[in-house]
Every structure is written in C-alpha cells, then in structure tokens.
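*Asks:* My structure file structure_33.cif, mmCIF, all heavy atoms, is below:
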data_start
loop_
_atom_site.label_atom_id
_atom_site.label_comp_id
_atom_site.auth_asym_id
_atom_site.auth_seq_id
_atom_site.Cartn_x
_atom_site.Cartn_y
_atom_site.Cartn_z
N MET S 26 -1.21 50.15 -17.09
CA MET S 26 -2.08 51.22 -17.53
C MET S 26 -3.27 50.61 -18.24
O MET S 26 -3.19 49.51 -18.77
CB MET S 26 -1.32 52.21 -18.41
CG MET S 26 -0.99 51.74 -19.81
SD MET S 26 -0.22 52.94 -20.93
CE MET S 26 1.10 53.58 -20.01
N GLY S 27 -4.35 51.32 -18.25
CA GLY S 27 -5.56 50.84 -18.88
C GLY S 27 -5.55 51.03 -20.39
O GLY S 27 -4.61 51.59 -20.97
N ILE S 28 -6.61 50.59 -21.00
CA ILE S 28 -6.72 50.62 -22.46
C ILE S 28 -6.69 52.05 -23.01
O ILE S 28 -6.05 52.31 -24.03
CB ILE S 28 -8.00 49.87 -22.93
CG1 ILE S 28 -8.00 49.68 -24.44
CG2 ILE S 28 -9.25 50.57 -22.49
CD1 ILE S 28 -7.23 48.50 -24.89
N THR S 29 -7.33 52.99 -22.33
CA THR S 29 -7.37 54.37 -22.81
C THR S 29 -5.98 54.98 -22.81
O THR S 29 -5.54 55.56 -23.80
CB THR S 29 -8.31 55.22 -21.95
OG1 THR S 29 -9.62 54.63 -21.99
CG2 THR S 29 -8.39 56.65 -22.44
N ALA S 30 -5.26 54.82 -21.71
CA ALA S 30 -3.91 55.37 -21.59
C ALA S 30 -2.96 54.70 -22.58
O ALA S 30 -2.12 55.36 -23.20
CB ALA S 30 -3.39 55.23 -20.17
N ALA S 31 -3.08 53.40 -22.74
CA ALA S 31 -2.22 52.66 -23.67
C ALA S 31 -2.47 53.12 -25.10
O ALA S 31 -1.53 53.30 -25.89
CB ALA S 31 -2.44 51.17 -23.54
N ALA S 32 -3.73 53.31 -25.46
CA ALA S 32 -4.06 53.77 -26.82
C ALA S 32 -3.50 55.17 -27.06
O ALA S 32 -2.93 55.44 -28.12
CB ALA S 32 -5.57 53.76 -27.02
N GLU S 33 -3.63 56.04 -26.08
CA GLU S 33 -3.07 57.39 -26.21
C GLU S 33 -1.55 57.32 -26.32
O GLU S 33 -0.95 58.04 -27.12
CB GLU S 33 -3.47 58.25 -25.02
CG GLU S 33 -4.91 58.65 -25.03
CD GLU S 33 -5.31 59.44 -23.79
OE1 GLU S 33 -4.42 59.82 -22.99
OE2 GLU S 33 -6.52 59.68 -23.62
N TYR S 34 -0.92 56.47 -25.53
CA TYR S 34 0.53 56.33 -25.53
C TYR S 34 1.05 55.90 -26.90
O TYR S 34 2.07 56.39 -27.37
CB TYR S 34 0.94 55.32 -24.46
CG TYR S 34 2.41 55.21 -24.22
CD1 TYR S 34 3.09 56.22 -23.54
CD2 TYR S 34 3.13 54.12 -24.66
CE1 TYR S 34 4.45 56.14 -23.31
CE2 TYR S 34 4.50 54.02 -24.44
CZ TYR S 34 5.15 55.04 -23.77
OH TYR S 34 6.50 54.95 -23.54
N LEU S 35 0.32 54.98 -27.55
CA LEU S 35 0.73 54.51 -28.88
C LEU S 35 0.12 55.32 -30.02
O LEU S 35 0.38 55.05 -31.19
CB LEU S 35 0.34 53.03 -29.05
CG LEU S 35 1.09 52.03 -28.18
CD1 LEU S 35 0.55 50.63 -28.41
CD2 LEU S 35 2.58 52.09 -28.44
N ASP S 36 -0.72 56.29 -29.68
CA ASP S 36 -1.39 57.15 -30.67
C ASP S 36 -2.25 56.33 -31.62
O ASP S 36 -2.18 56.48 -32.85
CB ASP S 36 -0.36 57.98 -31.44
CG ASP S 36 -1.01 59.13 -32.21
OD1 ASP S 36 -2.10 59.58 -31.79
OD2 ASP S 36 -0.44 59.56 -33.22
N VAL S 37 -3.04 55.44 -31.05
CA VAL S 37 -4.02 54.65 -31.80
C VAL S 37 -5.34 54.74 -31.05
O VAL S 37 -5.40 55.23 -29.93
CB VAL S 37 -3.57 53.17 -31.96
CG1 VAL S 37 -2.28 53.08 -32.76
CG2 VAL S 37 -3.42 52.49 -30.62
N SER S 38 -6.40 54.26 -31.67
CA SER S 38 -7.70 54.30 -31.02
C SER S 38 -7.84 53.14 -30.03
O SER S 38 -7.15 52.12 -30.12
CB SER S 38 -8.82 54.21 -32.05
OG SER S 38 -8.84 52.93 -32.64
N GLU S 39 -8.75 53.31 -29.09
CA GLU S 39 -9.05 52.23 -28.15
C GLU S 39 -9.57 51.02 -28.92
O GLU S 39 -9.23 49.89 -28.59
CB GLU S 39 -10.10 52.67 -27.13
CG GLU S 39 -9.59 53.63 -26.12
CD GLU S 39 -10.64 54.02 -25.12
OE1 GLU S 39 -11.41 53.13 -24.67
OE2 GLU S 39 -10.70 55.21 -24.78
N ARG S 40 -10.37 51.27 -29.93
CA ARG S 40 -10.91 50.18 -30.73
C ARG S 40 -9.78 49.36 -31.36
O ARG S 40 -9.81 48.14 -31.37
CB ARG S 40 -11.83 50.74 -31.80
CG ARG S 40 -12.49 49.69 -32.63
CD ARG S 40 -13.45 50.31 -33.61
NE ARG S 40 -13.99 49.26 -34.44
CZ ARG S 40 -15.07 49.38 -35.16
NH1 ARG S 40 -15.74 50.50 -35.16
NH2 ARG S 40 -15.49 48.38 -35.88
N TRP S 41 -8.75 50.07 -31.88
CA TRP S 41 -7.61 49.38 -32.46
C TRP S 41 -6.91 48.53 -31.40
O TRP S 41 -6.54 47.39 -31.67
CB TRP S 41 -6.62 50.38 -33.06
CG TRP S 41 -5.51 49.74 -33.82
CD1 TRP S 41 -5.48 49.47 -35.15
CD2 TRP S 41 -4.27 49.25 -33.29
NE1 TRP S 41 -4.29 48.86 -35.49
CE2 TRP S 41 -3.53 48.70 -34.35
CE3 TRP S 41 -3.71 49.21 -32.02
CZ2 TRP S 41 -2.27 48.15 -34.18
CZ3 TRP S 41 -2.46 48.64 -31.85
CH2 TRP S 41 -1.75 48.11 -32.93
N MET S 42 -6.74 49.07 -30.21
CA MET S 42 -6.07 48.34 -29.14
C MET S 42 -6.83 47.06 -28.81
O MET S 42 -6.22 46.00 -28.67
CB MET S 42 -5.95 49.19 -27.87
CG MET S 42 -4.93 50.31 -27.98
SD MET S 42 -3.23 49.74 -28.20
CE MET S 42 -2.89 49.02 -26.62
N TYR S 43 -8.14 47.14 -28.68
CA TYR S 43 -8.93 45.94 -28.38
C TYR S 43 -8.83 44.92 -29.52
O TYR S 43 -8.62 43.74 -29.29
CB TYR S 43 -10.41 46.30 -28.20
CG TYR S 43 -10.76 46.81 -26.83
CD1 TYR S 43 -11.19 48.12 -26.65
CD2 TYR S 43 -10.69 45.98 -25.71
CE1 TYR S 43 -11.52 48.60 -25.39
CE2 TYR S 43 -11.01 46.45 -24.46
CZ TYR S 43 -11.44 47.75 -24.30
OH TYR S 43 -11.76 48.22 -23.06
N ARG S 44 -8.97 45.40 -30.73
CA ARG S 44 -9.05 44.51 -31.89
C ARG S 44 -7.69 43.95 -32.29
O ARG S 44 -7.57 42.76 -32.61
CB ARG S 44 -9.67 45.30 -33.05
CG ARG S 44 -9.97 44.47 -34.28
CD ARG S 44 -10.55 45.32 -35.40
NE ARG S 44 -9.57 46.30 -35.84
CZ ARG S 44 -9.82 47.60 -36.00
NH1 ARG S 44 -11.01 48.09 -35.76
NH2 ARG S 44 -8.87 48.43 -36.39
N GLU S 45 -6.67 44.78 -32.28
CA GLU S 45 -5.40 44.41 -32.88
C GLU S 45 -4.31 44.01 -31.91
O GLU S 45 -3.30 43.44 -32.33
CB GLU S 45 -4.89 45.56 -33.76
CG GLU S 45 -5.85 45.97 -34.86
CD GLU S 45 -6.04 44.91 -35.92
OE1 GLU S 45 -5.13 44.09 -36.14
OE2 GLU S 45 -7.11 44.90 -36.54
N SER S 46 -4.46 44.27 -30.62
CA SER S 46 -3.37 43.96 -29.69
C SER S 46 -3.03 42.48 -29.70
O SER S 46 -1.87 42.10 -29.67
CB SER S 46 -3.70 44.44 -28.28
OG SER S 46 -4.84 43.79 -27.76
N ARG S 47 -4.02 41.65 -29.79
CA ARG S 47 -3.77 40.21 -29.85
C ARG S 47 -3.12 39.82 -31.17
O ARG S 47 -2.14 39.09 -31.22
CB ARG S 47 -5.07 39.45 -29.65
CG ARG S 47 -4.87 37.96 -29.61
CD ARG S 47 -6.16 37.25 -29.30
NE ARG S 47 -5.89 35.85 -29.05
CZ ARG S 47 -6.80 34.96 -28.79
NH1 ARG S 47 -8.06 35.33 -28.71
NH2 ARG S 47 -6.49 33.72 -28.59
N ARG S 48 -3.67 40.34 -32.23
CA ARG S 48 -3.17 40.02 -33.58
C ARG S 48 -1.72 40.47 -33.78
O ARG S 48 -0.93 39.77 -34.40
CB ARG S 48 -4.07 40.70 -34.60
CG ARG S 48 -3.65 40.48 -36.01
CD ARG S 48 -4.66 41.07 -36.96
NE ARG S 48 -4.01 41.36 -38.22
CZ ARG S 48 -4.43 42.23 -39.09
NH1 ARG S 48 -5.53 42.90 -38.85
NH2 ARG S 48 -3.79 42.43 -40.20
N HIS S 49 -1.37 41.63 -33.24
CA HIS S 49 -0.03 42.18 -33.42
C HIS S 49 0.93 41.80 -32.30
O HIS S 49 2.07 42.25 -32.30
CB HIS S 49 -0.10 43.70 -33.55
CG HIS S 49 -0.73 44.15 -34.83
ND1 HIS S 49 -0.09 44.06 -36.05
CD2 HIS S 49 -1.96 44.66 -35.08
CE1 HIS S 49 -0.89 44.52 -36.99
NE2 HIS S 49 -2.03 44.88 -36.44
N GLY S 50 0.48 41.00 -31.36
CA GLY S 50 1.37 40.49 -30.33
C GLY S 50 1.76 41.50 -29.27
O GLY S 50 2.83 41.38 -28.67
N ILE S 51 0.93 42.49 -29.04
CA ILE S 51 1.23 43.45 -27.97
C ILE S 51 0.95 42.75 -26.63
O ILE S 51 -0.17 42.28 -26.41
CB ILE S 51 0.37 44.72 -28.09
CG1 ILE S 51 0.65 45.40 -29.43
CG2 ILE S 51 0.64 45.66 -26.93
CD1 ILE S 51 -0.27 46.57 -29.72
N PRO S 52 1.95 42.68 -25.76
CA PRO S 52 1.73 42.02 -24.46
C PRO S 52 0.63 42.72 -23.68
O PRO S 52 0.61 43.95 -23.56
CB PRO S 52 3.08 42.17 -23.75
CG PRO S 52 4.06 42.39 -24.84
CD PRO S 52 3.32 43.13 -25.91
N ARG S 53 -0.30 41.95 -23.17
CA ARG S 53 -1.43 42.51 -22.43
C ARG S 53 -1.78 41.57 -21.29
O ARG S 53 -1.43 40.41 -21.30
CB ARG S 53 -2.61 42.75 -23.33
CG ARG S 53 -3.13 41.49 -23.97
CD ARG S 53 -3.84 41.81 -25.27
NE ARG S 53 -4.54 40.67 -25.79
CZ ARG S 53 -3.94 39.56 -26.25
NH1 ARG S 53 -2.64 39.46 -26.24
NH2 ARG S 53 -4.64 38.56 -26.72
N TYR S 54 -2.47 42.11 -20.33
CA TYR S 54 -2.83 41.38 -19.12
C TYR S 54 -4.29 41.65 -18.80
O TYR S 54 -4.82 42.71 -19.13
CB TYR S 54 -1.96 41.84 -17.94
CG TYR S 54 -0.49 41.80 -18.25
CD1 TYR S 54 0.14 42.88 -18.85
CD2 TYR S 54 0.27 40.67 -17.97
CE1 TYR S 54 1.50 42.84 -19.17
CE2 TYR S 54 1.62 40.62 -18.27
CZ TYR S 54 2.23 41.72 -18.86
OH TYR S 54 3.56 41.67 -19.18
N TYR S 55 -4.93 40.70 -18.17
CA TYR S 55 -6.30 40.88 -17.71
C TYR S 55 -6.31 40.87 -16.19
O TYR S 55 -5.83 39.92 -15.58
CB TYR S 55 -7.21 39.77 -18.23
CG TYR S 55 -7.61 39.96 -19.68
CD1 TYR S 55 -6.94 39.32 -20.68
CD2 TYR S 55 -8.66 40.82 -20.01
CE1 TYR S 55 -7.30 39.50 -22.01
CE2 TYR S 55 -9.02 41.00 -21.33
CZ TYR S 55 -8.34 40.34 -22.33
OH TYR S 55 -8.70 40.53 -23.63
N PHE S 56 -6.82 41.93 -15.61
CA PHE S 56 -6.99 42.02 -14.17
C PHE S 56 -8.44 42.41 -13.91
O PHE S 56 -8.89 43.45 -14.38
CB PHE S 56 -6.07 43.09 -13.56
CG PHE S 56 -4.61 42.73 -13.62
CD1 PHE S 56 -3.77 43.33 -14.53
CD2 PHE S 56 -4.10 41.77 -12.76
CE1 PHE S 56 -2.44 42.99 -14.59
CE2 PHE S 56 -2.76 41.43 -12.81
CZ PHE S 56 -1.93 42.04 -13.72
N GLY S 57 -9.13 41.57 -13.22
CA GLY S 57 -10.53 41.86 -12.91
C GLY S 57 -11.37 42.05 -14.15
O GLY S 57 -12.29 42.86 -14.16
N GLY S 58 -11.06 41.33 -15.22
CA GLY S 58 -11.82 41.42 -16.46
C GLY S 58 -11.49 42.64 -17.30
O GLY S 58 -12.16 42.93 -18.28
N ARG S 59 -10.45 43.37 -16.90
CA ARG S 59 -10.06 44.56 -17.66
C ARG S 59 -8.69 44.36 -18.30
O ARG S 59 -7.80 43.77 -17.71
CB ARG S 59 -10.00 45.79 -16.74
CG ARG S 59 -11.35 46.15 -16.20
CD ARG S 59 -11.25 47.32 -15.29
NE ARG S 59 -12.54 47.60 -14.70
CZ ARG S 59 -13.07 48.79 -14.66
NH1 ARG S 59 -12.41 49.83 -15.12
NH2 ARG S 59 -14.26 48.96 -14.13
N LEU S 60 -8.55 44.87 -19.48
CA LEU S 60 -7.32 44.77 -20.24
C LEU S 60 -6.32 45.81 -19.72
O LEU S 60 -6.65 46.99 -19.60
CB LEU S 60 -7.62 45.02 -21.72
CG LEU S 60 -6.64 44.56 -22.76
CD1 LEU S 60 -6.38 43.07 -22.65
CD2 LEU S 60 -7.18 44.88 -24.14
N LYS S 61 -5.10 45.36 -19.42
CA LYS S 61 -4.05 46.25 -18.90
C LYS S 61 -2.77 46.05 -19.69
O LYS S 61 -2.52 44.98 -20.26
CB LYS S 61 -3.77 45.95 -17.42
CG LYS S 61 -4.96 46.13 -16.51
CD LYS S 61 -5.30 47.57 -16.34
CE LYS S 61 -6.44 47.72 -15.33
NZ LYS S 61 -6.73 49.10 -15.06
N PHE S 62 -1.93 47.08 -19.69
CA PHE S 62 -0.66 47.06 -20.41
C PHE S 62 0.42 47.66 -19.52
O PHE S 62 0.15 48.52 -18.69
CB PHE S 62 -0.76 47.91 -21.69
CG PHE S 62 -1.82 47.43 -22.64
CD1 PHE S 62 -3.12 47.86 -22.52
CD2 PHE S 62 -1.51 46.55 -23.66
CE1 PHE S 62 -4.11 47.42 -23.39
CE2 PHE S 62 -2.48 46.11 -24.54
CZ PHE S 62 -3.78 46.54 -24.41
N LYS S 63 1.67 47.22 -19.75
CA LYS S 63 2.81 47.80 -19.06
C LYS S 63 3.57 48.68 -20.05
O LYS S 63 3.77 48.29 -21.21
CB LYS S 63 3.75 46.70 -18.55
CG LYS S 63 3.17 45.89 -17.42
CD LYS S 63 4.19 44.89 -16.93
CE LYS S 63 3.63 44.06 -15.80
NZ LYS S 63 4.63 43.07 -15.32
N ILE S 64 4.01 49.84 -19.59
CA ILE S 64 4.73 50.78 -20.45
C ILE S 64 5.96 50.12 -21.06
O ILE S 64 6.24 50.29 -22.25
CB ILE S 64 5.12 52.05 -19.68
CG1 ILE S 64 3.86 52.85 -19.33
CG2 ILE S 64 6.07 52.91 -20.48
CD1 ILE S 64 4.12 54.05 -18.46
N GLU S 65 6.70 49.36 -20.25
CA GLU S 65 7.91 48.71 -20.75
C GLU S 65 7.58 47.78 -21.92
O GLU S 65 8.33 47.71 -22.90
CB GLU S 65 8.60 47.91 -19.65
CG GLU S 65 8.99 48.72 -18.43
CD GLU S 65 7.84 48.87 -17.43
OE1 GLU S 65 6.96 48.00 -17.36
OE2 GLU S 65 7.83 49.90 -16.73
N ASP S 66 6.48 47.04 -21.81
CA ASP S 66 6.07 46.13 -22.88
C ASP S 66 5.69 46.90 -24.14
O ASP S 66 6.02 46.49 -25.25
CB ASP S 66 4.90 45.26 -22.43
CG ASP S 66 5.27 44.26 -21.35
OD1 ASP S 66 6.48 43.96 -21.21
OD2 ASP S 66 4.35 43.79 -20.66
N LEU S 67 4.97 48.02 -23.97
CA LEU S 67 4.58 48.82 -25.12
C LEU S 67 5.80 49.40 -25.82
O LEU S 67 5.88 49.40 -27.05
CB LEU S 67 3.63 49.94 -24.69
CG LEU S 67 2.27 49.51 -24.15
CD1 LEU S 67 1.49 50.72 -23.68
CD2 LEU S 67 1.49 48.72 -25.17
N ASP S 68 6.77 49.89 -25.03
CA ASP S 68 8.00 50.43 -25.62
C ASP S 68 8.76 49.36 -26.39
O ASP S 68 9.23 49.59 -27.51
CB ASP S 68 8.90 51.02 -24.53
CG ASP S 68 8.37 52.33 -23.98
OD1 ASP S 68 7.56 52.99 -24.66
OD2 ASP S 68 8.78 52.70 -22.86
N ARG S 69 8.89 48.19 -25.79
CA ARG S 69 9.62 47.09 -26.44
C ARG S 69 8.93 46.69 -27.74
O ARG S 69 9.56 46.52 -28.77
CB ARG S 69 9.71 45.90 -25.49
CG ARG S 69 10.62 44.79 -25.97
CD ARG S 69 10.76 43.65 -24.96
NE ARG S 69 10.99 44.10 -23.59
CZ ARG S 69 10.10 43.99 -22.58
NH1 ARG S 69 8.92 43.44 -22.79
NH2 ARG S 69 10.39 44.43 -21.37
N TRP S 70 7.61 46.57 -27.70
CA TRP S 70 6.85 46.20 -28.89
C TRP S 70 7.01 47.27 -29.97
O TRP S 70 7.23 46.95 -31.14
CB TRP S 70 5.38 46.01 -28.54
CG TRP S 70 4.55 45.69 -29.73
CD1 TRP S 70 4.36 44.47 -30.31
CD2 TRP S 70 3.82 46.64 -30.54
NE1 TRP S 70 3.57 44.59 -31.42
CE2 TRP S 70 3.21 45.90 -31.58
CE3 TRP S 70 3.62 48.00 -30.48
CZ2 TRP S 70 2.43 46.52 -32.55
CZ3 TRP S 70 2.84 48.61 -31.44
CH2 TRP S 70 2.26 47.86 -32.47
N ALA S 71 6.91 48.53 -29.59
CA ALA S 71 7.01 49.63 -30.56
C ALA S 71 8.38 49.64 -31.23
O ALA S 71 8.48 49.86 -32.45
CB ALA S 71 6.74 50.96 -29.88
N ARG S 72 9.45 49.39 -30.48
CA ARG S 72 10.79 49.33 -31.08
C ARG S 72 10.91 48.21 -32.10
O ARG S 72 11.58 48.34 -33.11
CB ARG S 72 11.85 49.16 -29.99
CG ARG S 72 12.19 50.45 -29.26
CD ARG S 72 13.43 50.31 -28.42
NE ARG S 72 13.33 49.27 -27.41
CZ ARG S 72 12.80 49.41 -26.20
NH1 ARG S 72 12.29 50.59 -25.84
NH2 ARG S 72 12.76 48.40 -25.35
N GLN S 73 10.23 47.13 -31.86
CA GLN S 73 10.27 45.99 -32.79
C GLN S 73 9.52 46.29 -34.09
O GLN S 73 9.75 45.63 -35.09
CB GLN S 73 9.65 44.75 -32.14
CG GLN S 73 10.47 44.20 -31.00
CD GLN S 73 9.74 43.09 -30.27
OE1 GLN S 73 8.57 42.83 -30.50
NE2 GLN S 73 10.44 42.45 -29.37
N GLN S 74 8.66 47.30 -34.08
CA GLN S 74 7.87 47.64 -35.26
C GLN S 74 8.58 48.62 -36.18
O GLN S 74 8.07 48.99 -37.22
CB GLN S 74 6.52 48.25 -34.84
CG GLN S 74 5.71 47.38 -33.91
CD GLN S 74 5.59 45.95 -34.39
OE1 GLN S 74 5.15 45.69 -35.49
NE2 GLN S 74 5.99 45.01 -33.55
N ARG S 75 9.76 49.02 -35.78
CA ARG S 75 10.52 50.01 -36.54
C ARG S 75 10.76 49.53 -37.97
O ARG S 75 11.15 48.39 -38.21
CB ARG S 75 11.85 50.27 -35.85
CG ARG S 75 12.65 51.32 -36.52
CD ARG S 75 13.91 51.59 -35.75
NE ARG S 75 14.77 52.43 -36.55
CZ ARG S 75 16.03 52.62 -36.30
NH1 ARG S 75 16.59 52.05 -35.26
NH2 ARG S 75 16.74 53.39 -37.06
N VAL S 76 10.52 50.43 -38.92
CA VAL S 76 10.74 50.14 -40.33
C VAL S 76 12.02 50.85 -40.76
O VAL S 76 12.14 52.06 -40.59
CB VAL S 76 9.55 50.63 -41.19
CG1 VAL S 76 9.84 50.38 -42.66
CG2 VAL S 76 8.29 49.95 -40.75
N VAL S 77 12.93 50.10 -41.31
CA VAL S 77 14.22 50.68 -41.71
C VAL S 77 14.26 50.86 -43.20
O VAL S 77 13.76 50.13 -43.97
CB VAL S 77 15.39 49.76 -41.26
CG1 VAL S 77 16.71 50.36 -41.69
CG2 VAL S 77 15.33 49.58 -39.77
#
Here is the file; what I need is its structure written in the form of structure tokens.
*Replies:*
Amino acid sequence: MGITAAAEYLDVSERWMYRESRRHGIPRYYFGGRLKFKIEDLDRWARQQRVV
C-alpha cells in the first residue's frame, strides 16, 4: 500500500510516515521511487508498540 493508505491505516499523518517510519523501524519498501508498506508489516510493528 502507498504512503496515504498506510498513514490512514495507522491513524497518523503522511508527514509522520515519511519522517518517522525510518526512525521507528517501520518496515518499508521503495518501488519506482515510491515508498510502500505491507499490511502484515504494519500490523506486526503496531503490536510491538503496545504499552502494558
């Protein structure tokens, strides 16, 4: 999925996704110069961010 869909999926801004995805270790891919994400990777990353 593209940056817009990924940002909506995580309920963050596109700007946050561009700026923080690398810093926070969100798995991302570049295809044709565009940033892409896999839903499975986003789900896995989100579960790891859980605060208990």
*Asks:* Evaluate the PyMOL selection byres ((chain S and resi 56-68) around 6) against this structure - the residues, as a list in words, please.
*Replies:*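 Against this file, the PyMOL selection byres ((chain S and resi 56-68) around 6) returns the residues Met26, Gly27, Ile28, Ala30, Ala31, Tyr34, Leu35, Met42, Tyr43, Ser46, Ile51, Pro52, Arg53, Tyr54, Tyr55, Arg69, Trp70, Ala71, Arg72 and Gln73 of chain S.
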*Asks:* For a test of reading the model, state the distance in Å between atom O of S:Thr29 and atom NE of S:Arg75, rounded to one decimal.
*Replies:*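 Computed distance, atom O of S:Thr29 to atom NE of S:Arg75, equals 24.2 Å.
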*Asks:* Using DSSP assignments from the backbone, pull out every residue in chain S that falls under alpha helix (DSSP H) and give it to me as a list in words.
*Replies:*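 Matching residues, listed in order: Ile28, Thr29, Ala30, Ala31, Ala32, Glu33, Tyr34, Leu35, Glu39, Arg40, Trp41, Met42, Tyr43, Arg44, Glu45, Ile64, Glu65, Asp66, Leu67, Asp68, Arg69, Trp70, Ala71, Arg72 and Gln73 of chain S.
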*Asks:* What is the atom N of S:His49-atom N of S:Val76 distance in Å, reported with one decimal?
*Replies:* 15.8 Å
*Asks:* How far is it from atom CD of S:Arg47 to atom O of S:Val77, in Å with one decimal?
*Replies:*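 Separating atom CD of S:Arg47 from atom O of S:Val77 is a distance of 27.9 Å.
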